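Trainee: Input structure-v1.cif, format and content: mmCIF, C-alpha atoms.
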```
data_my_file
loop_
_atom_site.label_atom_id
_atom_site.label_comp_id
_atom_site.auth_asym_id
_atom_site.auth_seq_id
_atom_site.Cartn_x
_atom_site.Cartn_y
_atom_site.Cartn_z
CA MET A 1 10.20 -18.74 -12.33
CA LYS A 2 12.37 -21.85 -12.03
CA TYR A 3 13.71 -21.38 -15.58
CA LEU A 4 14.19 -17.65 -15.06
CA SER A 5 16.23 -18.27 -11.92
CA LEU A 6 18.36 -20.88 -13.68
CA LEU A 7 18.96 -18.58 -16.66
CA LEU A 8 20.04 -15.68 -14.46
CA LYS A 9 22.44 -17.94 -12.59
CA ILE A 10 24.00 -19.12 -15.86
CA ILE A 11 24.43 -15.54 -17.10
CA ILE A 12 25.93 -14.34 -13.81
CA ILE A 13 28.37 -17.26 -13.61
CA SER A 14 29.40 -16.79 -17.25
CA LEU A 15 29.98 -13.07 -16.68
CA MET A 16 32.07 -13.73 -13.59
CA VAL A 17 34.15 -16.36 -15.39
CA PHE A 18 34.82 -14.47 -18.60
CA SER A 19 34.54 -10.76 -17.75
CA ILE A 20 36.18 -10.47 -14.32
CA ASN A 21 39.87 -10.88 -13.57
CA VAL A 22 40.62 -14.29 -12.12
CA SER A 23 41.26 -14.01 -8.42
CA CYS A 24 44.94 -13.82 -7.59
CA ALA A 25 45.87 -13.93 -11.29
CA LYS A 26 49.54 -13.40 -12.08
CA ALA A 27 50.03 -10.26 -14.13
CA GLU A 28 53.65 -10.96 -15.05
CA VAL A 29 56.41 -13.33 -14.04
CA TYR A 30 60.09 -12.30 -13.90
CA ASP A 31 63.24 -14.19 -12.97
CA ASP A 32 63.28 -13.09 -9.35
CA TYR A 33 59.75 -11.77 -8.62
CA GLU A 34 56.09 -11.95 -9.63
CA THR A 35 53.40 -9.30 -9.90
CA TYR A 36 49.76 -9.79 -8.89
CA ASN A 37 46.38 -8.11 -9.11
CA LEU A 38 44.78 -9.07 -5.80
CA TYR A 39 41.19 -8.80 -4.62
CA ALA A 40 40.93 -6.91 -1.32
CA GLU A 41 38.62 -5.08 1.08
CA VAL A 42 39.05 -1.64 2.65
CA ILE A 43 39.08 -1.96 6.46
CA LYS A 44 40.28 1.60 7.23
CA ALA A 45 40.03 4.78 5.16
CA SER A 46 41.31 8.25 6.03
CA ASP A 47 39.99 11.59 4.87
CA GLU A 48 41.62 13.43 2.01
CA THR A 49 45.19 14.46 2.73
CA THR A 50 48.28 15.59 0.80
CA LEU A 51 51.52 13.86 -0.12
CA ASN A 52 54.74 15.43 -1.40
CA ASP A 53 57.02 13.01 -3.26
CA GLY A 54 59.81 15.54 -3.74
CA TYR A 55 58.58 16.61 -7.15
CA ALA A 56 54.96 17.59 -6.61
CA THR A 57 52.18 17.59 -4.03
CA TYR A 58 49.22 15.28 -4.57
CA LYS A 59 45.85 14.76 -2.94
CA VAL A 60 45.77 11.23 -1.54
CA GLN A 61 43.86 8.91 0.77
CA ASN A 62 45.51 6.49 3.21
CA LEU A 63 43.92 3.04 3.13
CA LYS A 64 44.30 -0.16 5.10
CA VAL A 65 43.24 -3.17 3.04
CA LYS A 66 42.76 -6.86 3.78
CA ILE A 67 43.55 -9.37 1.02
CA LEU A 68 40.65 -11.71 0.16
CA ASP A 69 42.48 -13.98 -2.30
CA GLU A 70 43.09 -17.47 -0.96
CA LYS A 71 46.88 -17.51 -1.33
CA PHE A 72 47.38 -14.32 0.73
CA LYS A 73 44.05 -14.35 2.59
CA ASN A 74 43.57 -11.95 5.53
CA GLN A 75 46.98 -10.30 5.12
CA GLU A 76 46.70 -6.56 5.81
CA TYR A 77 48.58 -3.72 4.15
CA ASP A 78 48.72 0.08 4.34
CA ILE A 79 48.62 1.73 0.93
CA VAL A 80 48.31 5.23 -0.52
CA TYR A 81 45.54 5.91 -3.01
CA TYR A 82 46.12 8.92 -5.29
CA LEU A 83 42.94 10.95 -5.69
CA GLU A 84 44.22 12.88 -8.70
CA ASP A 85 45.99 12.00 -11.89
CA GLY A 86 49.76 12.23 -11.67
CA ILE A 87 50.10 13.61 -15.19
CA ASN A 88 47.46 16.32 -15.16
CA SER A 89 46.10 17.72 -11.90
CA ARG A 90 43.36 19.57 -13.82
CA LEU A 91 41.44 16.31 -14.18
CA PRO A 92 38.60 15.71 -11.68
CA ILE A 93 39.46 14.16 -8.30
CA TYR A 94 38.68 10.45 -8.09
CA ASP A 95 36.00 9.17 -5.71
CA LYS A 96 37.32 8.29 -2.25
CA PHE A 97 37.10 4.73 -0.90
CA LYS A 98 34.94 3.85 2.11
CA VAL A 99 35.28 1.09 4.69
CA GLY A 100 33.82 -2.11 3.24
CA ASP A 101 34.55 -1.25 -0.39
CA LYS A 102 36.03 -4.04 -2.49
CA LEU A 103 38.92 -3.26 -4.80
CA TYR A 104 41.88 -4.71 -6.67
CA VAL A 105 45.38 -3.88 -5.48
CA TYR A 106 48.75 -4.24 -7.18
CA GLY A 107 51.33 -6.35 -5.39
CA ILE A 108 54.85 -7.72 -5.90
CA TYR A 109 55.85 -11.14 -4.57
CA GLU A 110 59.61 -11.26 -3.97
CA ASN A 111 61.82 -13.36 -1.65
CA ASN A 112 58.72 -15.24 -0.38
CA GLU A 113 57.15 -11.98 0.73
CA LEU A 114 54.26 -9.96 -0.71
CA SER A 115 54.35 -6.17 -0.77
CA VAL A 116 51.24 -4.32 -1.91
CA GLN A 117 52.06 -1.14 -3.76
CA ALA A 118 48.83 0.62 -4.74
CA ALA A 119 45.12 0.36 -5.45
CA SER A 120 44.37 -0.67 -9.03
CA TYR A 121 40.62 -0.07 -9.36
CA TYR A 122 37.29 -0.25 -7.59
CA ASP A 123 35.37 -3.54 -7.88
CA LYS A 124 32.45 -2.83 -10.21
CA THR A 125 31.23 -6.44 -10.44
CA PRO A 126 27.98 -6.03 -8.45
CA TRP A 127 26.90 -3.10 -10.61
CA VAL A 128 27.73 -4.93 -13.84
CA ILE A 129 25.67 -7.90 -12.65
CA GLY A 130 22.90 -5.54 -11.53
CA ILE A 131 22.46 -3.85 -14.90
CA LEU A 132 22.71 -7.26 -16.58
CA VAL A 133 19.84 -8.57 -14.43
CA ILE A 134 17.74 -5.47 -15.26
CA TYR A 135 18.45 -5.99 -18.96
CA ALA A 136 17.49 -9.68 -18.80
CA ALA A 137 14.36 -8.96 -16.74
CA LEU A 138 13.11 -6.31 -19.20
CA ILE A 139 13.65 -8.64 -22.16
CA LEU A 140 11.74 -11.42 -20.38
CA VAL A 141 8.87 -9.19 -19.25
CA ILE A 142 8.41 -7.51 -22.64
CA GLY A 143 9.41 -10.39 -24.92
CA GLY A 144 8.05 -13.35 -22.95
CA LYS A 145 9.01 -16.63 -24.61
CA ASN A 146 10.80 -14.84 -27.45
CA GLY A 147 12.70 -12.78 -24.88
CA LEU A 148 13.90 -15.98 -23.23
CA LYS A 149 15.14 -17.22 -26.61
CA ALA A 150 16.93 -13.90 -27.19
CA ILE A 151 18.74 -14.11 -23.85
CA LEU A 152 19.72 -17.72 -24.49
CA SER A 153 21.05 -16.71 -27.92
CA LEU A 154 23.07 -13.87 -26.36
CA ALA A 155 24.50 -16.22 -23.71
CA VAL A 156 25.62 -18.65 -26.43
CA THR A 157 27.25 -15.82 -28.40
CA VAL A 158 29.20 -14.52 -25.40
CA PHE A 159 30.24 -18.04 -24.43
CA ILE A 160 31.57 -18.90 -27.91
CA ILE A 161 33.54 -15.64 -28.20
CA PHE A 162 35.18 -15.82 -24.76
CA ALA A 163 35.56 -19.59 -24.49
CA PHE A 164 36.76 -20.31 -28.04
CA LEU A 165 37.59 -17.25 -30.19
CA ILE A 166 39.71 -15.25 -27.71
CA PRO A 167 41.78 -18.28 -26.50
CA ALA A 168 42.30 -19.43 -30.10
CA ILE A 169 43.68 -16.02 -31.15
CA LEU A 170 45.97 -15.83 -28.11
CA ASP A 171 47.15 -19.36 -28.89
CA GLY A 172 48.33 -18.24 -32.32
CA LYS A 173 45.43 -19.53 -34.44
CA SER A 174 44.32 -17.54 -37.50
CA PRO A 175 42.01 -14.74 -36.26
CA ILE A 176 40.26 -14.43 -39.64
CA LEU A 177 39.63 -18.15 -40.14
CA PHE A 178 38.41 -18.69 -36.59
CA THR A 179 36.23 -15.57 -36.70
CA ILE A 180 34.45 -16.76 -39.87
CA LEU A 181 34.05 -20.28 -38.45
CA LEU A 182 32.80 -19.24 -35.02
CA SER A 183 30.64 -16.42 -36.42
CA SER A 184 28.91 -19.00 -38.62
CA ILE A 185 28.34 -21.22 -35.58
CA ILE A 186 26.94 -18.26 -33.62
CA ILE A 187 24.60 -17.38 -36.50
CA ILE A 188 23.33 -20.94 -36.89
CA ILE A 189 22.74 -21.54 -33.17
CA SER A 190 21.18 -18.11 -32.57
CA PHE A 191 18.77 -18.33 -35.50
CA VAL A 192 17.73 -21.90 -34.71
CA ILE A 193 17.06 -20.90 -31.08
CA VAL A 194 15.06 -17.82 -32.07
CA ALA A 195 13.15 -19.08 -35.14
CA GLY A 196 13.49 -22.86 -35.14
CA PHE A 197 14.85 -24.96 -38.00
CA LYS A 198 12.79 -23.66 -40.92
CA LYS A 199 13.41 -22.52 -44.48
CA LYS A 200 13.37 -18.89 -43.41
CA THR A 201 16.10 -19.76 -40.88
CA ILE A 202 18.28 -21.30 -43.59
CA VAL A 203 17.80 -18.22 -45.77
CA ALA A 204 18.73 -15.88 -42.90
CA ILE A 205 21.81 -17.97 -42.00
CA ILE A 206 23.25 -17.98 -45.53
CA GLY A 207 22.47 -14.30 -46.14
CA THR A 208 24.05 -13.23 -42.84
CA VAL A 209 27.21 -15.30 -43.30
CA ALA A 210 27.61 -13.83 -46.79
CA GLY A 211 27.31 -10.30 -45.39
CA VAL A 212 29.86 -10.91 -42.64
CA VAL A 213 32.34 -12.44 -45.10
CA ALA A 214 31.81 -9.45 -47.43
CA ALA A 215 32.68 -7.10 -44.55
CA GLY A 216 35.87 -9.09 -43.93
CA ILE A 217 36.88 -9.02 -47.60
CA ILE A 218 36.35 -5.25 -47.87
CA GLY A 219 38.33 -4.77 -44.64
CA ALA A 220 41.21 -6.92 -45.92
CA VAL A 221 41.42 -5.17 -49.29
CA PHE A 222 41.38 -1.63 -47.91
CA SER A 223 43.54 -2.30 -44.83
CA ASN A 224 46.26 -3.55 -47.18
CA ALA A 225 45.76 -0.62 -49.51
CA MET A 226 45.99 1.86 -46.61
CA ARG A 227 48.92 -0.07 -45.04
CA LEU A 228 47.23 -0.29 -41.66
CA THR A 229 49.09 -2.24 -38.97
CA GLY A 230 46.37 -2.63 -36.34
CA ILE A 231 48.90 -1.60 -33.71
CA ASN A 232 47.68 0.67 -30.92
CA GLU A 233 48.24 1.08 -27.20
CA HIS A 234 46.45 -2.18 -26.35
CA ALA A 235 48.41 -4.06 -29.03
CA ARG A 236 51.68 -2.88 -27.48
CA MET A 237 50.55 -4.09 -24.05
CA ILE A 238 49.58 -7.50 -25.47
CA SER A 239 52.96 -7.83 -27.19
CA THR A 240 54.75 -7.55 -23.83
CA ILE A 241 52.62 -10.28 -22.24
CA ILE A 242 52.82 -12.97 -24.94
CA ASP A 243 55.44 -15.62 -24.26
CA GLU A 244 58.62 -14.97 -26.29
CA SER A 245 58.71 -18.63 -27.35
CA LYS A 246 55.41 -18.12 -29.22
CA GLU A 247 55.04 -16.37 -32.56
CA MET A 248 53.64 -12.84 -32.30
CA ILE A 249 50.00 -12.62 -33.35
CA SER A 250 49.01 -10.51 -36.36
CA PHE A 251 47.32 -7.34 -35.14
CA LYS A 252 46.13 -6.57 -38.66
CA ASP A 253 44.27 -9.91 -38.71
CA ILE A 254 42.81 -9.08 -35.30
CA MET A 255 41.56 -5.79 -36.73
CA LEU A 256 39.82 -7.71 -39.55
CA SER A 257 38.39 -10.10 -36.97
CA ALA A 258 37.03 -7.10 -35.07
CA ILE A 259 35.41 -5.79 -38.27
CA MET A 260 33.54 -9.06 -38.81
CA ILE A 261 32.50 -9.42 -35.16
CA SER A 262 31.27 -5.81 -35.14
CA ALA A 263 29.23 -6.35 -38.31
CA LEU A 264 27.83 -9.67 -37.08
CA GLY A 265 24.98 -8.31 -34.96
CA ALA A 266 23.70 -5.85 -37.56
CA CYS A 267 23.91 -8.42 -40.38
CA MET A 268 22.01 -10.94 -38.24
CA ASP A 269 19.29 -8.37 -37.60
CA VAL A 270 18.88 -7.51 -41.28
CA GLY A 271 19.10 -11.12 -42.47
CA MET A 272 16.41 -12.42 -40.12
CA SER A 273 14.17 -9.37 -40.63
CA ILE A 274 14.09 -9.85 -44.42
CA SER A 275 13.77 -13.64 -44.27
CA SER A 276 11.00 -13.55 -41.68
CA ALA A 277 9.11 -10.87 -43.62
CA LEU A 278 9.28 -12.90 -46.85
CA SER A 279 8.04 -15.99 -45.02
CA GLU A 280 5.11 -14.01 -43.61
CA LEU A 281 4.28 -12.62 -47.08
CA LYS A 282 4.27 -16.14 -48.49
CA GLU A 283 1.81 -17.30 -45.85
CA ARG A 284 -0.49 -14.33 -46.38
CA LYS A 285 -0.34 -14.31 -50.19
CA PRO A 286 0.66 -17.75 -51.51
CA GLU A 287 0.25 -16.61 -55.13
CA LEU A 288 3.36 -14.40 -54.94
CA THR A 289 6.11 -15.52 -57.34
CA SER A 290 9.83 -15.72 -56.60
CA LYS A 291 10.42 -12.54 -58.59
CA GLU A 292 7.81 -10.66 -56.58
CA LEU A 293 9.26 -11.94 -53.29
CA ILE A 294 12.77 -10.84 -54.29
CA LYS A 295 11.43 -7.38 -55.10
CA SER A 296 9.62 -7.24 -51.75
CA GLY A 297 12.76 -8.41 -49.93
CA MET A 298 14.82 -5.66 -51.54
CA ASN A 299 12.22 -3.03 -50.59
CA ILE A 300 12.15 -4.26 -47.00
CA GLY A 301 15.95 -4.25 -46.90
CA LYS A 302 16.12 -0.67 -48.16
CA ASP A 303 13.92 0.49 -45.29
CA VAL A 304 15.99 -1.40 -42.71
CA MET A 305 19.30 -0.32 -44.26
CA GLY A 306 19.04 3.36 -43.34
CA THR A 307 18.57 2.90 -39.61
CA MET A 308 21.00 -0.02 -39.25
CA THR A 309 23.77 1.79 -41.12
CA ASN A 310 23.31 4.75 -38.80
CA THR A 311 23.53 2.36 -35.86
CA LEU A 312 26.91 1.03 -36.97
CA ILE A 313 28.39 4.43 -37.83
CA LEU A 314 27.21 6.02 -34.57
CA ALA A 315 28.54 3.08 -32.54
CA TYR A 316 32.03 3.57 -33.99
CA VAL A 317 31.90 7.34 -33.58
CA GLY A 318 30.96 6.82 -29.94
CA SER A 319 33.86 4.44 -29.36
CA ALA A 320 36.34 6.90 -30.91
CA MET A 321 34.84 10.03 -29.33
CA LEU A 322 37.81 10.88 -27.09
CA CYS A 323 40.25 10.43 -29.96
CA ILE A 324 38.13 12.68 -32.20
CA LEU A 325 37.92 15.32 -29.46
CA LEU A 326 41.70 15.21 -29.01
CA TYR A 327 42.41 15.87 -32.69
CA ASN A 328 39.81 18.62 -32.90
CA ALA A 329 41.09 20.29 -29.73
CA ASN A 330 44.53 20.48 -31.36
CA SER A 331 42.98 22.08 -34.46
CA PHE A 332 44.37 19.41 -36.80
CA ASP A 333 43.03 19.61 -40.33
CA LEU A 334 40.73 16.90 -41.69
CA SER A 335 43.37 15.25 -43.89
CA PHE A 336 45.68 14.78 -40.90
CA ILE A 337 42.86 13.32 -38.79
CA LEU A 338 41.81 10.85 -41.50
CA ASN A 339 45.42 9.72 -41.94
CA SER A 340 45.87 8.94 -38.27
CA GLU A 341 45.69 5.15 -37.81
CA ASP A 342 43.55 5.47 -34.68
CA ILE A 343 40.87 7.27 -36.72
CA THR A 344 41.37 5.38 -40.00
CA ASP A 345 41.00 2.09 -38.13
CA GLU A 346 37.57 3.13 -36.83
CA VAL A 347 36.53 4.55 -40.22
CA LEU A 348 37.42 1.27 -41.93
CA LYS A 349 35.56 -0.77 -39.30
CA SER A 350 32.41 1.32 -39.62
CA LEU A 351 32.36 1.45 -43.42
CA ALA A 352 33.36 -2.19 -43.97
CA GLY A 353 30.74 -3.29 -41.46
CA SER A 354 28.13 -1.13 -43.19
CA ILE A 355 29.07 -2.59 -46.58
CA GLY A 356 28.66 -6.08 -45.12
CA LEU A 357 25.23 -5.06 -43.81
CA VAL A 358 24.21 -3.69 -47.23
CA CYS A 359 25.43 -6.89 -48.96
CA THR A 360 23.30 -8.98 -46.61
CA ILE A 361 20.16 -7.44 -48.15
CA PRO A 362 20.46 -8.74 -51.77
CA PHE A 363 21.92 -12.07 -50.62
CA THR A 364 18.98 -12.71 -48.30
CA ALA A 365 16.32 -11.27 -50.63
CA ILE A 366 17.42 -13.31 -53.68
CA LEU A 367 17.90 -16.52 -51.73
CA GLY A 368 14.61 -16.01 -49.87
CA GLY A 369 12.75 -15.38 -53.11
CA ILE A 370 14.10 -18.59 -54.62
CA ILE A 371 13.60 -20.89 -51.62
CA ILE A 372 10.43 -19.43 -50.13
CA GLY A 373 8.97 -18.64 -53.57
CA ASN A 374 8.90 -22.35 -54.46
CA ASP A 375 6.69 -23.00 -51.45
CA SER A 376 4.33 -20.30 -52.69
CA LYS A 377 3.51 -22.35 -55.81
CA LYS A 378 2.63 -25.40 -53.71
CA SER A 379 0.45 -23.30 -51.44
CA LEU A 380 -1.24 -21.78 -54.49
CA ASN A 381 -2.02 -25.23 -55.97
CA LYS A 382 -3.38 -26.33 -52.66
CA GLY A 383 -5.52 -23.21 -52.55
CA LYS A 384 -6.85 -23.94 -56.05
CA LYS A 385 -7.84 -27.49 -55.07
CA GLU A 386 -9.66 -26.19 -52.04
CA THR A 387 -11.46 -23.63 -54.20
CA LYS A 388 -12.62 -26.32 -56.67
CA SER A 389 -13.86 -28.46 -53.81
CA ASP A 390 -15.76 -25.51 -52.37
CA VAL A 391 -17.50 -24.93 -55.74
CA GLN A 392 -18.60 -28.59 -55.92
CA ASN A 393 -19.98 -28.41 -52.38
CA SER A 394 -21.88 -25.24 -53.29
CA LYS A 395 -23.46 -26.97 -56.29
CA LYS A 396 -24.57 -29.88 -54.14
CA GLU A 397 -26.15 -27.49 -51.66
CA TYR A 398 -27.93 -25.69 -54.53
CA ASN A 399 -29.31 -28.94 -56.07
CA LYS A 400 -30.48 -30.09 -52.66
CA ALA A 401 -32.35 -26.84 -52.20
CA ASP A 402 -34.13 -27.36 -55.57
CA THR A 403 -35.49 -30.81 -54.56
CA GLU A 404 -36.82 -29.71 -51.22
CA GLU A 405 -40.45 -28.66 -50.93
CA VAL A 406 -40.96 -25.03 -50.23
CA PRO A 407 -43.85 -24.33 -47.83
CA VAL A 408 -46.44 -21.85 -49.09
CA ASN A 409 -48.21 -19.50 -46.72
CA TYR A 410 -51.65 -18.27 -47.55
CA PHE A 411 -52.89 -14.92 -46.39
CA LYS A 412 -56.48 -13.91 -46.12
CA GLY A 413 -57.23 -11.02 -48.38
#
```
Starting from the file, give its structure as structure tokens.
Mentor:
Amino acid sequence: MKYLSLLLKIIIISLMVFSINVSCAKAEVYDDYETYNLYAEVIKASDETTLNDGYATYKVQNLKVKILDEKFKNQEYDIVYYLEDGINSRLPIYDKFKVGDKLYVYGIYENNELSVQAASYYDKTPWVIGILVIYAALILVIGGKNGLKAILSLAVTVFIIFAFLIPAILDGKSPILFTILLSSIIIIISFVIVAGFKKKTIVAIIGTVAGVVAAGIIGAVFSNAMRLTGINEHARMISTIIDESKEMISFKDIMLSAIMISALGACMDVGMSISSALSELKERKPELTSKELIKSGMNIGKDVMGTMTNTLILAYVGSAMLCILLYNANSFDLSFILNSEDITDEVLKSLAGSIGLVCTIPFTAILGGIIIGNDSKKSLNKGKKETKSDVQNSKKEYNKADTEEVPVNYFKG
């Protein structure tokens, strides 16, 4: 229980550090004012009412909030929270706030005075932590010691991505180079944690890295051929935040980085599954040759390939669902949809990631057959020696039985 408690604390702290907006973080700095996203609490909340801004009438809620950030702590402000979307009133009405709810509010600091303009979004942190705790608890209960290793591996992966990869890209470092480097580190650490430092671990590491690099190469070749830019709504927002004194980051390289990161998990799964299976086969049947192990690895990979490829494709379809619905609702033909960068980007990610997954299979199977197959010969020789020794012992037992007197029982007839 002590280790479980410590692990949960580490996960929760890491999530709060890397996944939640820093309290009182500056959103943007101008010459004469600054903007903030501030953490606050609702201390008064009205019922639903209406507001006419001269152009339209909206359903709103009047709120009184108290700032919880240290710099502006306990300052109170009256704000208006719009319960419906300003662009399309046909969308569902947003949930109303209640007294005690935590939220983020948008404020402007000008002439040494803060004015809070509007509510940004409801604080979902407790629920994110809650589902994370449920996830960790289920893994520990079902997986036991292996579940603990899996959670530790996941924590390391999240830490490396948010503590090293994201800052490096924002600092102008090469997204592709750093993704390959840090992905390799993630693979090595994760596999060593889960399986220990063994030959099957080395096989899985090399096979997985090869698959991830293959996904990146396919992505690079076809993104250039299709003249993709990687620019979308989020890219435009990032471009306005980056300091003008710094060189603008390459959004195409970020897209390739995303392809490799997306393929990483599936390639790791396939690589370790094949390597572990070959290691188990070698222990059960030490007489198997390298050629036979390679054939077995390919057969195992073919079975895994179908489900894992579906997993990748469905994950990308799910992420692009709203975009797909939009194009279909407008009755655009298939050629137009496939030529839209929003869709083509997702298609390339899914197919390049799937190709990387498929390439992981032969890389791991061939390497596993060579490395693990050599151990099979040693085990076979050892087995032969043991067999010879057993035969000699049997002969001794037989000769001993011949020299012993056999008692004879007489029966009265």
Trainee: Name all residues at most 10 Å from Ala210 of chain A (count all atoms listed in the file; drop same-chain ones fewer than 3 positions away) and give them as a PyMOL selection string.
Mentor: chain A and resi 184+204-207+213-216+267+271+356-357+359-361+363-364
Trainee: Mind checking which residues fall within 12 Å of Gly230 of chain A, counting all atoms listed in the file, ignoring those fewer than 2 positions away in the same chain, and posting them as a PyMOL selection string?
Mentor: chain A and resi 219-220+223-224+226-228+232-236+249-259+340-346+348-349
Trainee: Which residue gives the smallest distance to Leu312 of chain A among A:Ala40, A:Ile261, A:Ile274, A:Leu288, with only C-alpha atoms counted?
Mentor: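 Checking each candidate against Leu312 of chain A, we get A:Ile261 as the closest.
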Trainee: Once the PyMOL selection byres ((chain A and resi 248) around 10) is applied to the coordinates I shared, what remains selected? I want it as a ChimeraX atom specification.
Mentor: /A:170-172,238-239,242-247,249-251
Trainee: Could you spell out the hits of the PyMOL selection byres ((chain A and resi 94-108) around 8) on the shown file, as a ChimeraX atom specification?
Mentor: /A:33-45,48,61,83-84,92-93,109-110,114-123
Trainee: If you measure from atom CA of Lys302 of chain A to atom CA of Ala315 of chain A, what distance in Å do you get, rounded to one decimal?
Mentor: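 So the answer is 20.3 Å.
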Trainee: Separation of atom CA of Ser275 of chain A and atom CA of Ile202 of chain A, in Å?
Mentor: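 Going from atom CA of Ser275 of chain A over to atom CA of Ile202 of chain A, I get 8.9 Å.
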Trainee: Just to confirm, what's the straight-line distance from atom CA of Ala365 of chain A to atom CA of Lys295 of chain A in Å (one decimal)?
Mentor: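 Separation of atom CA of Ala365 of chain A and atom CA of Lys295 of chain A: 7.7 Å.
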Trainee: Between A:Gly318, A:Pro286, A:Gly373, A:Gly353, which is the closest to Ala263 of chain A once you count all atoms listed in the file?
Mentor: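 Between A:Gly318, A:Pro286, A:Gly373, A:Gly353, the residue approaching Ala263 of chain A most closely is A:Gly353.
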Trainee: Report the residues retrieved by the PyMOL selection byres ((chain A and resi 149) around 12) from the displayed file, expressed as a ChimeraX atom specification.
Mentor: /A:3-4,7,136,139-140,143-148,150-156,189-196
Trainee: For Val60 of chain A, find every residue with an atom within 7 Å (counting all atoms listed in the file), except residues of its own chain fewer than 5 positions away, and show them as a list of chain:residue names.
Mentor: A:Glu48, A:Thr49, A:Thr50, A:Leu51, A:Val80, A:Tyr81, A:Tyr82, A:Leu83
Trainee: Any idea what's packed within 10 Å of Tyr327 of chain A, counting all atoms listed in the file, ignoring anything in its chain fewer than 4 positions away? Could you give it as a list in words?
Mentor: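 Neighbouring residues, sequence-local ones excluded: Leu322, Cys323, Ser331, Phe332, Asp333, Leu334, Phe336, Ile337, Ser340 and Ile343 of chain A.
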Trainee: Calculated over only C-alpha atoms, which of the candidates A:Asp78, A:Val212, A:Gly265, A:Ile241 has the smallest distance to Thr157 of chain A?
Mentor: A:Gly265
Trainee: Between A:Met260, A:Tyr58, A:Gly211, A:Ile218, which residue has the minimum interatomic distance to Leu177 of chain A, considering all atoms listed in the file?
Mentor: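 Comparing A:Met260, A:Tyr58, A:Gly211, A:Ile218 against Leu177 of chain A, the winner is A:Met260.
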Trainee: How would segment 93-107 of chain A read, as an mmCIF file, in the coordinates of the input, once N, CA and C atoms are built in?
Mentor:
```cif
data_model
loop_
_atom_site.group_PDB
_atom_site.id
_atom_site.type_symbol
_atom_site.label_atom_id
_atom_site.label_comp_id
_atom_site.auth_asym_id
_atom_site.auth_seq_id
_atom_site.Cartn_x
_atom_site.Cartn_y
_atom_site.Cartn_z
ATOM 1 N N ILE A 93 38.972 15.027 -9.379
ATOM 2 C CA ILE A 93 39.460 14.160 -8.300
ATOM 3 C C ILE A 93 38.661 12.860 -8.297
ATOM 4 N N TYR A 94 39.352 11.741 -8.123
ATOM 5 C CA TYR A 94 38.680 10.450 -8.090
ATOM 6 C C TYR A 94 37.841 10.315 -6.819
ATOM 7 N N ASP A 95 36.828 9.442 -6.881
ATOM 8 C CA ASP A 95 36.000 9.170 -5.710
ATOM 9 C C ASP A 95 36.827 8.493 -4.622
ATOM 10 N N LYS A 96 36.596 8.884 -3.380
ATOM 11 C CA LYS A 96 37.320 8.290 -2.250
ATOM 12 C C LYS A 96 36.722 6.917 -1.896
ATOM 13 N N PHE A 97 37.557 6.041 -1.364
ATOM 14 C CA PHE A 97 37.100 4.730 -0.900
ATOM 15 C C PHE A 97 36.470 4.860 0.486
ATOM 16 N N LYS A 98 35.563 3.927 0.785
ATOM 17 C CA LYS A 98 34.940 3.850 2.110
ATOM 18 C C LYS A 98 35.217 2.481 2.701
ATOM 19 N N VAL A 99 35.100 2.380 4.010
ATOM 20 C CA VAL A 99 35.280 1.090 4.690
ATOM 21 C C VAL A 99 34.244 0.106 4.164
ATOM 22 N N GLY A 100 34.703 -1.095 3.796
ATOM 23 C CA GLY A 100 33.820 -2.110 3.240
ATOM 24 C C GLY A 100 33.868 -2.208 1.732
ATOM 25 N N ASP A 101 34.438 -1.192 1.070
ATOM 26 C CA ASP A 101 34.550 -1.250 -0.390
ATOM 27 C C ASP A 101 35.500 -2.356 -0.807
ATOM 28 N N LYS A 102 35.153 -3.011 -1.910
ATOM 29 C CA LYS A 102 36.030 -4.040 -2.490
ATOM 30 C C LYS A 102 36.820 -3.399 -3.623
ATOM 31 N N LEU A 103 38.059 -3.838 -3.774
ATOM 32 C CA LEU A 103 38.920 -3.260 -4.800
ATOM 33 C C LEU A 103 39.996 -4.260 -5.193
ATOM 34 N N TYR A 104 40.713 -3.939 -6.257
ATOM 35 C CA TYR A 104 41.880 -4.710 -6.670
ATOM 36 C C TYR A 104 43.129 -3.892 -6.361
ATOM 37 N N VAL A 105 44.128 -4.556 -5.820
ATOM 38 C CA VAL A 105 45.380 -3.880 -5.480
ATOM 39 C C VAL A 105 46.526 -4.550 -6.223
ATOM 40 N N TYR A 106 47.570 -3.772 -6.452
ATOM 41 C CA TYR A 106 48.750 -4.240 -7.180
ATOM 42 C C TYR A 106 49.822 -4.633 -6.178
ATOM 43 N N GLY A 107 50.315 -5.873 -6.315
ATOM 44 C CA GLY A 107 51.330 -6.350 -5.390
ATOM 45 C C GLY A 107 52.496 -7.036 -6.078
#
```
